[in-house]
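One structure below.
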2 protein chains.
Amino acid sequence: MTDRLPPRPTDSELSILRVLWERGPSTVRDVHDTLNTDGKTGYTTILKLLQIMTEKGLVVRDETERAHVYESSYGEQKTQRQLLADLAERAFGGSATKLVMQALFGRKANAAELNAIRELLDTIEGENR
Amino acid sequence: MTDRLPPRPTDSELSILRVLWERGPSTVRDVHDTLNTDGKTGYTTILKLLQIMTEKGLVVRDETERAHVYESSYGEQKTQRQLLADLAERAFGGSATKLVMQALFGRKANAAELNAIRELLDTIEGENR
DNA sequence: TCTCCTCTACGAAAGTCTTCGTTGACATCC
DNA sequence: GGATGTCAACGAAGACTTTCGTAGAGGAGA
């Protein structure tokens, strides 16, 4: 039952995960072509990262085809919430509320987005009752 | 005028910054005693980290006394917002709103905190008008 | 079959992070 | 003034991250 948490993905790993979330299961070539619009990272770099991520359990690999297919082990939202919980712990003394308030400060507000957040607050409050 | 942004603090650096924000300007000894309630990190480890943080510009050092006094270069909120902007960029496609909504999800709600957030939304909306 | 292409695997190099032992400077106390 | 204790500085070790060159396996086409 030692269902240990996955490690926090590094910056490079996160950019790969974002591709996998967007595209779904993908080969190294797919990920490379998607990320490499700027031509900065080599093919084997992506390959190596995906191999390491497989060892870490961040992705799972399907080896039935010659070109292995990689898929994120954890959903986008789950990972995002984990990252937020982590940041709340490290930088906000564990307070997610403080985190939210700082995130709301210091940014350009947009009426539609604010309304969406408001509705979410209503939903949460409703559930809480 | 190349007023470059400070680097993202590492985990260890962040825990030191939190002490400096809480205590104000402090010596290595102060930080070590505060962090070392568990007796895990050695004195010279904290010293080394503070030296590196000085090089990076994360803290400033007052050397007038024998025991140098360190102070965070950037306020707590400024650093927190920088970290949030960074995470929004890396994990949320640059959308701070998505970040906020994920942060609100998946956590226990508390009426008082929700109201505080609501008031903040009102304030932002007011300014926007 | 021979050649060419794509793929995985391996390992090395450079950079960063974290840790701490050791050294020498300086102060304090007998 | 000599012993003791505290301090900053230095350097090195080990782990992790990111990068990529090279090798070798496998498939496709001439």
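Residue numbers start at 1 in each chain; chains themselves are named A, B, ... in the order of the structure tokens; ligands are numbered from 1 in the order shown.
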>> I'd like the neighbourhood of DA23 of chain D as a ChimeraX atom specification, where a residue qualifies if any of its atoms comes within 12 Å (using only C-alpha atoms (C1' of nucleotides)), though same-chain residues fewer than 5 positions away should be ignored.
In response: /C:8-11
Store the residues picked out above in a file with N, CA and C atoms (P, O5', C5', C4', C3', O3' and C1' of nucleotides), as a tab-separated table (two decimals), in the first residue's frame.
chain	number	residue	atom	x	y	z
C	8	DT	P	11.76	5.61	-29.40
C	8	DT	O5'	12.82	4.62	-28.75
C	8	DT	C5'	12.50	3.24	-28.62
C	8	DT	C4'	13.71	2.49	-28.08
C	8	DT	C3'	14.11	2.87	-26.66
C	8	DT	O3'	14.29	1.69	-25.89
C	8	DT	C1'	15.97	3.12	-28.11
C	9	DA	P	14.60	1.76	-24.34
C	9	DA	O5'	16.19	1.76	-24.30
C	9	DA	C5'	16.90	0.69	-24.90
C	9	DA	C4'	18.39	0.88	-24.73
C	9	DA	C3'	18.80	1.34	-23.34
C	9	DA	O3'	19.84	0.49	-22.87
C	9	DA	C1'	19.74	2.76	-24.98
C	10	DC	P	20.35	0.46	-21.39
C	10	DC	O5'	21.72	1.25	-21.48
C	10	DC	C5'	22.67	0.88	-22.46
C	10	DC	C4'	23.75	1.92	-22.55
C	10	DC	C3'	24.19	2.50	-21.20
C	10	DC	O3'	25.54	2.14	-20.99
C	10	DC	C1'	23.91	4.19	-22.85
C	11	DG	P	26.27	2.34	-19.59
C	11	DG	O5'	27.12	3.66	-19.83
C	11	DG	C5'	27.82	3.84	-21.05
C	11	DG	C4'	28.25	5.28	-21.18
C	11	DG	C3'	28.63	5.93	-19.84
C	11	DG	O3'	29.72	6.79	-20.06
C	11	DG	C1'	26.99	7.21	-20.86
> Could you write out as a PyMOL selection string the residues of chain A within 12 Å of chain D, counting only C-alpha atoms (C1' of nucleotides)?
Replying inline: chain A and resi 9-13+40-49+52+65-67
Superposed chain B (ref. Chain A, all C-alpha pairs in order) as a compact mmCIF listing (two decimals) with N, CA and C atoms, in the first residue's frame:
# COMPACT_ATOMS: atom_id res chain seq x y z
N MET B 1 1.25 -1.48 -0.21
CA MET B 1 0.34 -0.33 -0.26
C MET B 1 1.07 1.00 -0.17
N THR B 2 2.36 0.95 -0.33
CA THR B 2 3.10 2.22 -0.29
C THR B 2 2.92 2.93 -1.62
N ASP B 3 1.80 3.62 -1.72
CA ASP B 3 1.40 4.26 -2.95
C ASP B 3 1.97 5.67 -2.95
N ARG B 4 3.25 5.75 -3.05
CA ARG B 4 3.87 7.05 -2.79
C ARG B 4 3.57 8.09 -3.87
N LEU B 5 3.56 9.31 -3.41
CA LEU B 5 3.26 10.41 -4.31
C LEU B 5 4.35 10.54 -5.37
N PRO B 6 3.96 10.99 -6.54
CA PRO B 6 4.98 11.22 -7.57
C PRO B 6 5.82 12.42 -7.16
N PRO B 7 7.07 12.46 -7.62
CA PRO B 7 7.91 13.61 -7.30
C PRO B 7 7.42 14.84 -8.06
N ARG B 8 7.74 15.99 -7.52
CA ARG B 8 7.41 17.23 -8.23
C ARG B 8 8.16 17.26 -9.55
N PRO B 9 7.46 17.45 -10.65
CA PRO B 9 8.17 17.51 -11.94
C PRO B 9 9.06 18.74 -12.02
N THR B 10 10.19 18.57 -12.68
CA THR B 10 11.08 19.72 -12.91
C THR B 10 10.49 20.57 -14.04
N ASP B 11 11.14 21.68 -14.32
CA ASP B 11 10.65 22.58 -15.36
C ASP B 11 10.55 21.86 -16.71
N SER B 12 11.61 21.16 -17.07
CA SER B 12 11.61 20.48 -18.36
C SER B 12 10.55 19.38 -18.39
N GLU B 13 10.46 18.68 -17.29
CA GLU B 13 9.47 17.61 -17.24
C GLU B 13 8.06 18.19 -17.38
N LEU B 14 7.84 19.32 -16.76
CA LEU B 14 6.52 19.93 -16.82
C LEU B 14 6.16 20.34 -18.24
N SER B 15 7.14 20.84 -18.98
CA SER B 15 6.80 21.25 -20.34
C SER B 15 6.46 20.02 -21.19
N ILE B 16 7.08 18.90 -20.89
CA ILE B 16 6.73 17.67 -21.60
C ILE B 16 5.33 17.20 -21.19
N LEU B 17 5.06 17.27 -19.90
CA LEU B 17 3.73 16.86 -19.44
C LEU B 17 2.65 17.69 -20.11
N ARG B 18 2.92 18.96 -20.28
CA ARG B 18 1.91 19.81 -20.91
C ARG B 18 1.61 19.35 -22.33
N VAL B 19 2.65 18.91 -23.03
CA VAL B 19 2.42 18.38 -24.37
C VAL B 19 1.57 17.12 -24.30
N LEU B 20 1.89 16.26 -23.34
CA LEU B 20 1.14 14.99 -23.24
C LEU B 20 -0.32 15.24 -22.87
N TRP B 21 -0.55 16.23 -22.01
CA TRP B 21 -1.94 16.54 -21.65
C TRP B 21 -2.69 17.06 -22.86
N GLU B 22 -2.01 17.83 -23.66
CA GLU B 22 -2.68 18.46 -24.80
C GLU B 22 -2.90 17.46 -25.93
N ARG B 23 -1.88 16.67 -26.23
CA ARG B 23 -1.95 15.77 -27.37
C ARG B 23 -2.51 14.40 -27.02
N GLY B 24 -2.48 14.05 -25.74
CA GLY B 24 -2.75 12.67 -25.38
C GLY B 24 -1.49 11.85 -25.60
N PRO B 25 -1.59 10.52 -25.51
CA PRO B 25 -0.42 9.64 -25.63
C PRO B 25 0.38 9.96 -26.89
N SER B 26 1.68 10.07 -26.73
CA SER B 26 2.52 10.54 -27.82
C SER B 26 3.86 9.83 -27.83
N THR B 27 4.46 9.80 -28.99
CA THR B 27 5.81 9.27 -29.11
C THR B 27 6.82 10.37 -28.81
N VAL B 28 8.07 9.96 -28.66
CA VAL B 28 9.13 10.93 -28.45
C VAL B 28 9.15 11.92 -29.61
N ARG B 29 9.01 11.37 -30.78
CA ARG B 29 9.02 12.23 -31.98
C ARG B 29 7.91 13.28 -31.91
N ASP B 30 6.72 12.87 -31.52
CA ASP B 30 5.60 13.81 -31.38
C ASP B 30 5.96 14.94 -30.42
N VAL B 31 6.42 14.54 -29.24
CA VAL B 31 6.72 15.54 -28.21
C VAL B 31 7.82 16.48 -28.71
N HIS B 32 8.83 15.88 -29.30
CA HIS B 32 9.94 16.69 -29.78
C HIS B 32 9.47 17.69 -30.84
N ASP B 33 8.68 17.23 -31.79
CA ASP B 33 8.21 18.13 -32.85
C ASP B 33 7.33 19.24 -32.27
N THR B 34 6.56 18.90 -31.25
CA THR B 34 5.68 19.91 -30.65
C THR B 34 6.48 20.96 -29.89
N LEU B 35 7.44 20.49 -29.12
CA LEU B 35 8.20 21.42 -28.29
C LEU B 35 9.25 22.17 -29.09
N ASN B 36 9.66 21.57 -30.19
CA ASN B 36 10.87 22.06 -30.83
C ASN B 36 10.62 23.07 -31.92
N THR B 37 9.53 23.82 -31.78
CA THR B 37 9.26 24.86 -32.77
C THR B 37 10.41 25.86 -32.80
N ASP B 38 11.10 25.98 -31.68
CA ASP B 38 12.23 26.91 -31.63
C ASP B 38 13.55 26.22 -31.98
N GLY B 39 13.51 24.90 -32.11
CA GLY B 39 14.73 24.20 -32.49
C GLY B 39 15.82 24.21 -31.44
N LYS B 40 15.43 24.20 -30.19
CA LYS B 40 16.44 24.31 -29.14
C LYS B 40 16.85 22.98 -28.53
N THR B 41 15.87 22.11 -28.31
CA THR B 41 16.19 20.87 -27.61
C THR B 41 16.28 19.71 -28.58
N GLY B 42 17.33 18.92 -28.42
CA GLY B 42 17.55 17.80 -29.31
C GLY B 42 16.61 16.63 -29.04
N TYR B 43 16.51 15.76 -30.02
CA TYR B 43 15.62 14.61 -29.91
C TYR B 43 16.00 13.73 -28.72
N THR B 44 17.28 13.45 -28.59
CA THR B 44 17.67 12.53 -27.52
C THR B 44 17.49 13.15 -26.14
N THR B 45 17.45 14.44 -26.09
CA THR B 45 17.18 15.09 -24.80
C THR B 45 15.76 14.76 -24.35
N ILE B 46 14.81 14.91 -25.26
CA ILE B 46 13.42 14.56 -24.93
C ILE B 46 13.32 13.08 -24.58
N LEU B 47 13.99 12.26 -25.36
CA LEU B 47 13.95 10.82 -25.10
C LEU B 47 14.45 10.52 -23.70
N LYS B 48 15.61 11.09 -23.38
CA LYS B 48 16.18 10.83 -22.06
C LYS B 48 15.23 11.29 -20.95
N LEU B 49 14.68 12.46 -21.13
CA LEU B 49 13.77 12.98 -20.10
C LEU B 49 12.57 12.05 -19.94
N LEU B 50 12.03 11.56 -21.04
CA LEU B 50 10.88 10.67 -20.94
C LEU B 50 11.27 9.35 -20.28
N GLN B 51 12.48 8.89 -20.54
CA GLN B 51 12.93 7.67 -19.87
C GLN B 51 13.02 7.89 -18.36
N ILE B 52 13.58 9.02 -17.98
CA ILE B 52 13.68 9.32 -16.55
C ILE B 52 12.29 9.49 -15.93
N MET B 53 11.42 10.16 -16.66
CA MET B 53 10.07 10.35 -16.14
C MET B 53 9.34 9.02 -15.98
N THR B 54 9.66 8.07 -16.84
CA THR B 54 9.07 6.74 -16.70
C THR B 54 9.56 6.09 -15.41
N GLU B 55 10.85 6.20 -15.16
CA GLU B 55 11.41 5.65 -13.92
C GLU B 55 10.77 6.28 -12.69
N LYS B 56 10.54 7.58 -12.78
CA LYS B 56 9.95 8.29 -11.65
C LYS B 56 8.46 8.01 -11.50
N GLY B 57 7.86 7.48 -12.53
CA GLY B 57 6.43 7.22 -12.48
C GLY B 57 5.58 8.39 -12.94
N LEU B 58 6.21 9.40 -13.49
CA LEU B 58 5.42 10.56 -13.95
C LEU B 58 4.66 10.24 -15.23
N VAL B 59 5.20 9.32 -16.02
CA VAL B 59 4.52 8.90 -17.25
C VAL B 59 4.54 7.37 -17.31
N VAL B 60 3.65 6.82 -18.13
CA VAL B 60 3.68 5.38 -18.38
C VAL B 60 3.98 5.17 -19.86
N ARG B 61 4.61 4.04 -20.15
CA ARG B 61 5.10 3.82 -21.50
C ARG B 61 4.46 2.57 -22.10
N ASP B 62 4.01 2.70 -23.31
CA ASP B 62 3.48 1.56 -24.05
C ASP B 62 4.54 1.15 -25.07
N GLU B 63 5.08 -0.04 -24.89
CA GLU B 63 6.22 -0.46 -25.71
C GLU B 63 5.81 -1.42 -26.82
N THR B 64 4.52 -1.57 -27.05
CA THR B 64 4.11 -2.57 -28.05
C THR B 64 4.59 -2.20 -29.45
N GLU B 65 4.60 -0.93 -29.75
CA GLU B 65 5.12 -0.54 -31.06
C GLU B 65 6.60 -0.20 -30.94
N ARG B 66 7.22 -0.14 -32.09
CA ARG B 66 8.65 0.19 -32.07
C ARG B 66 8.87 1.58 -31.48
N ALA B 67 8.07 2.53 -31.93
CA ALA B 67 8.15 3.87 -31.33
C ALA B 67 7.26 3.87 -30.09
N HIS B 68 7.89 3.85 -28.94
CA HIS B 68 7.14 3.77 -27.68
C HIS B 68 6.20 4.97 -27.54
N VAL B 69 5.07 4.69 -26.90
CA VAL B 69 4.07 5.74 -26.72
C VAL B 69 3.99 6.08 -25.24
N TYR B 70 4.16 7.35 -24.94
CA TYR B 70 4.16 7.81 -23.56
C TYR B 70 2.87 8.54 -23.21
N GLU B 71 2.46 8.36 -21.97
CA GLU B 71 1.23 9.01 -21.50
C GLU B 71 1.46 9.49 -20.07
N SER B 72 0.91 10.64 -19.77
CA SER B 72 1.05 11.16 -18.41
C SER B 72 0.34 10.24 -17.42
N SER B 73 1.00 9.97 -16.31
CA SER B 73 0.39 9.09 -15.29
C SER B 73 -0.72 9.79 -14.53
N TYR B 74 -0.61 11.10 -14.44
CA TYR B 74 -1.56 11.86 -13.63
C TYR B 74 -2.20 12.93 -14.48
N GLY B 75 -3.48 13.17 -14.24
CA GLY B 75 -4.21 14.16 -15.01
C GLY B 75 -3.65 15.55 -14.81
N GLU B 76 -4.01 16.41 -15.72
CA GLU B 76 -3.53 17.79 -15.67
C GLU B 76 -3.96 18.46 -14.37
N GLN B 77 -5.23 18.35 -14.05
CA GLN B 77 -5.72 19.05 -12.86
C GLN B 77 -5.12 18.48 -11.59
N LYS B 78 -4.99 17.18 -11.53
CA LYS B 78 -4.41 16.58 -10.33
C LYS B 78 -2.99 17.09 -10.12
N THR B 79 -2.24 17.14 -11.20
CA THR B 79 -0.87 17.62 -11.10
C THR B 79 -0.83 19.09 -10.71
N GLN B 80 -1.69 19.87 -11.33
CA GLN B 80 -1.73 21.29 -11.01
C GLN B 80 -2.05 21.51 -9.54
N ARG B 81 -3.02 20.76 -9.04
CA ARG B 81 -3.38 20.93 -7.63
C ARG B 81 -2.25 20.50 -6.71
N GLN B 82 -1.54 19.47 -7.14
CA GLN B 82 -0.40 19.04 -6.34
C GLN B 82 0.66 20.12 -6.30
N LEU B 83 0.90 20.74 -7.44
CA LEU B 83 1.90 21.82 -7.50
C LEU B 83 1.46 23.00 -6.64
N LEU B 84 0.19 23.28 -6.65
CA LEU B 84 -0.31 24.40 -5.85
C LEU B 84 -0.22 24.08 -4.36
N ALA B 85 -0.58 22.87 -4.01
CA ALA B 85 -0.47 22.48 -2.60
C ALA B 85 0.98 22.58 -2.15
N ASP B 86 1.85 22.16 -3.04
CA ASP B 86 3.28 22.21 -2.74
C ASP B 86 3.76 23.65 -2.55
N LEU B 87 3.36 24.51 -3.45
CA LEU B 87 3.78 25.91 -3.34
C LEU B 87 3.17 26.57 -2.10
N ALA B 88 1.92 26.24 -1.82
CA ALA B 88 1.28 26.79 -0.62
C ALA B 88 2.09 26.38 0.61
N GLU B 89 2.51 25.16 0.61
CA GLU B 89 3.28 24.66 1.76
C GLU B 89 4.62 25.37 1.87
N ARG B 90 5.31 25.51 0.76
CA ARG B 90 6.67 26.02 0.79
C ARG B 90 6.73 27.53 0.95
N ALA B 91 5.76 28.24 0.37
CA ALA B 91 5.90 29.70 0.31
C ALA B 91 4.81 30.47 1.04
N PHE B 92 3.73 29.78 1.42
CA PHE B 92 2.62 30.49 2.04
C PHE B 92 2.26 29.91 3.40
N GLY B 93 3.20 29.26 4.02
CA GLY B 93 2.94 28.67 5.33
C GLY B 93 1.77 27.71 5.34
N GLY B 94 1.51 27.08 4.20
CA GLY B 94 0.45 26.10 4.13
C GLY B 94 -0.93 26.67 3.88
N SER B 95 -1.03 27.97 3.73
CA SER B 95 -2.34 28.58 3.55
C SER B 95 -2.71 28.75 2.09
N ALA B 96 -3.62 27.93 1.62
CA ALA B 96 -4.07 28.05 0.24
C ALA B 96 -4.84 29.35 0.04
N THR B 97 -5.48 29.82 1.08
CA THR B 97 -6.23 31.08 0.95
C THR B 97 -5.30 32.24 0.68
N LYS B 98 -4.19 32.30 1.42
CA LYS B 98 -3.23 33.37 1.16
C LYS B 98 -2.72 33.29 -0.26
N LEU B 99 -2.49 32.06 -0.70
CA LEU B 99 -2.03 31.88 -2.08
C LEU B 99 -3.04 32.45 -3.06
N VAL B 100 -4.30 32.12 -2.87
CA VAL B 100 -5.33 32.62 -3.78
C VAL B 100 -5.37 34.14 -3.77
N MET B 101 -5.27 34.70 -2.58
CA MET B 101 -5.40 36.16 -2.51
C MET B 101 -4.21 36.84 -3.18
N GLN B 102 -3.03 36.30 -3.01
CA GLN B 102 -1.89 36.88 -3.71
C GLN B 102 -2.01 36.71 -5.21
N ALA B 103 -2.59 35.59 -5.61
CA ALA B 103 -2.75 35.35 -7.04
C ALA B 103 -3.76 36.32 -7.64
N LEU B 104 -4.76 36.68 -6.85
CA LEU B 104 -5.77 37.61 -7.36
C LEU B 104 -5.23 39.03 -7.42
N PHE B 105 -4.44 39.37 -6.42
CA PHE B 105 -3.76 40.67 -6.47
C PHE B 105 -2.79 40.71 -7.65
N GLY B 106 -2.43 41.91 -7.97
CA GLY B 106 -1.30 42.08 -8.88
C GLY B 106 -1.49 41.43 -10.22
N ARG B 107 -2.71 41.45 -10.70
CA ARG B 107 -2.92 40.95 -12.04
C ARG B 107 -4.12 41.71 -12.61
N LYS B 108 -4.15 41.79 -13.91
CA LYS B 108 -5.26 42.48 -14.55
C LYS B 108 -6.52 41.67 -14.40
N ALA B 109 -7.54 42.32 -13.93
CA ALA B 109 -8.79 41.62 -13.75
C ALA B 109 -9.60 41.65 -15.03
N ASN B 110 -10.44 40.66 -15.15
CA ASN B 110 -11.29 40.54 -16.33
C ASN B 110 -12.66 40.12 -15.81
N ALA B 111 -13.67 40.89 -16.18
CA ALA B 111 -14.98 40.70 -15.57
C ALA B 111 -15.48 39.26 -15.69
N ALA B 112 -15.33 38.69 -16.86
CA ALA B 112 -15.85 37.33 -17.05
C ALA B 112 -15.12 36.34 -16.15
N GLU B 113 -13.80 36.51 -16.05
CA GLU B 113 -13.03 35.60 -15.21
C GLU B 113 -13.40 35.77 -13.74
N LEU B 114 -13.57 37.02 -13.35
CA LEU B 114 -13.95 37.25 -11.96
C LEU B 114 -15.30 36.61 -11.66
N ASN B 115 -16.21 36.70 -12.59
CA ASN B 115 -17.50 36.07 -12.38
C ASN B 115 -17.38 34.56 -12.26
N ALA B 116 -16.51 34.01 -13.07
CA ALA B 116 -16.31 32.55 -13.01
C ALA B 116 -15.80 32.16 -11.63
N ILE B 117 -14.89 32.95 -11.11
CA ILE B 117 -14.36 32.65 -9.79
C ILE B 117 -15.46 32.81 -8.74
N ARG B 118 -16.25 33.85 -8.92
CA ARG B 118 -17.35 34.07 -7.98
C ARG B 118 -18.31 32.89 -7.96
N GLU B 119 -18.62 32.39 -9.13
CA GLU B 119 -19.52 31.24 -9.20
C GLU B 119 -18.92 30.03 -8.52
N LEU B 120 -17.62 29.89 -8.70
CA LEU B 120 -16.95 28.78 -8.06
C LEU B 120 -17.05 28.91 -6.54
N LEU B 121 -16.91 30.12 -6.06
CA LEU B 121 -17.04 30.34 -4.62
C LEU B 121 -18.44 29.95 -4.16
N ASP B 122 -19.44 30.32 -4.94
CA ASP B 122 -20.81 29.95 -4.58
C ASP B 122 -20.95 28.44 -4.49
N THR B 123 -20.41 27.78 -5.48
CA THR B 123 -20.50 26.32 -5.49
C THR B 123 -19.86 25.72 -4.25
N ILE B 124 -18.67 26.19 -3.95
CA ILE B 124 -17.98 25.66 -2.78
C ILE B 124 -18.79 25.92 -1.52
N GLU B 125 -19.32 27.11 -1.43
CA GLU B 125 -20.10 27.45 -0.26
C GLU B 125 -21.34 26.57 -0.16
N GLY B 126 -21.95 26.31 -1.29
CA GLY B 126 -23.13 25.45 -1.31
C GLY B 126 -22.81 24.05 -0.81
N GLU B 127 -21.72 23.52 -1.27
CA GLU B 127 -21.33 22.17 -0.84
C GLU B 127 -21.02 22.11 0.64
N ASN B 128 -20.55 23.21 1.12
CA ASN B 128 -20.11 23.23 2.50
C ASN B 128 -21.26 23.20 3.49
N ARG B 129 -22.37 23.59 3.00
CA ARG B 129 -23.49 23.83 3.90
C ARG B 129 -23.97 22.55 4.55
Compute the chain C side of the contact with chain B at 9 Å, counting only C-alpha atoms (C1' of nucleotides), and hand it back as a compact mmCIF listing (two decimals) with C-alpha atoms (C1' of nucleotides), in the first residue's frame.
# COMPACT_ATOMS: atom_id res chain seq x y z
C1' DC C 17 21.91 22.24 -5.32
C1' DT C 18 22.78 20.70 -0.74
C1' DT C 19 25.64 19.26 2.62
C1' DC C 20 29.42 19.77 5.77
C1' DC C 26 38.64 37.41 15.99
Going by DSSP on the backbone, which residues of segment 55-126 of chain A come out as strand (DSSP E)? List them as a PDB file with N, CA and C atoms, in the first residue's frame.
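For reference, selection36.pdb as written:
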ATOM      1  N   VAL A  59       5.325   9.279 -16.034  1.00  0.00           N
ATOM      2  CA  VAL A  59       4.636   8.847 -17.249  1.00  0.00           C
ATOM      3  C   VAL A  59       4.665   7.325 -17.310  1.00  0.00           C
ATOM      4  N   VAL A  60       3.776   6.772 -18.122  1.00  0.00           N
ATOM      5  CA  VAL A  60       3.821   5.335 -18.373  1.00  0.00           C
ATOM      6  C   VAL A  60       4.108   5.128 -19.858  1.00  0.00           C
ATOM      7  N   ARG A  61       4.764   4.009 -20.150  1.00  0.00           N
ATOM      8  CA  ARG A  61       5.250   3.776 -21.500  1.00  0.00           C
ATOM      9  C   ARG A  61       4.615   2.524 -22.083  1.00  0.00           C
ATOM     10  N   ASP A  62       4.155   2.653 -23.289  1.00  0.00           N
ATOM     11  CA  ASP A  62       3.636   1.509 -24.025  1.00  0.00           C
ATOM     12  C   ASP A  62       4.676   1.117 -25.065  1.00  0.00           C
ATOM     13  N   VAL A  69       5.134   4.639 -26.892  1.00  0.00           N
ATOM     14  CA  VAL A  69       4.137   5.690 -26.696  1.00  0.00           C
ATOM     15  C   VAL A  69       4.061   6.040 -25.212  1.00  0.00           C
ATOM     16  N   TYR A  70       4.218   7.310 -24.925  1.00  0.00           N
ATOM     17  CA  TYR A  70       4.233   7.777 -23.534  1.00  0.00           C
ATOM     18  C   TYR A  70       2.923   8.476 -23.185  1.00  0.00           C
ATOM     19  N   GLU A  71       2.534   8.302 -21.926  1.00  0.00           N
ATOM     20  CA  GLU A  71       1.310   8.935 -21.458  1.00  0.00           C
ATOM     21  C   GLU A  71       1.529   9.422 -20.030  1.00  0.00           C
ATOM     22  N   SER A  72       0.985  10.559 -19.727  1.00  0.00           N
ATOM     23  CA  SER A  72       1.117  11.088 -18.372  1.00  0.00           C
ATOM     24  C   SER A  72       0.426  10.162 -17.377  1.00  0.00           C
TER      25      SER A  72
END
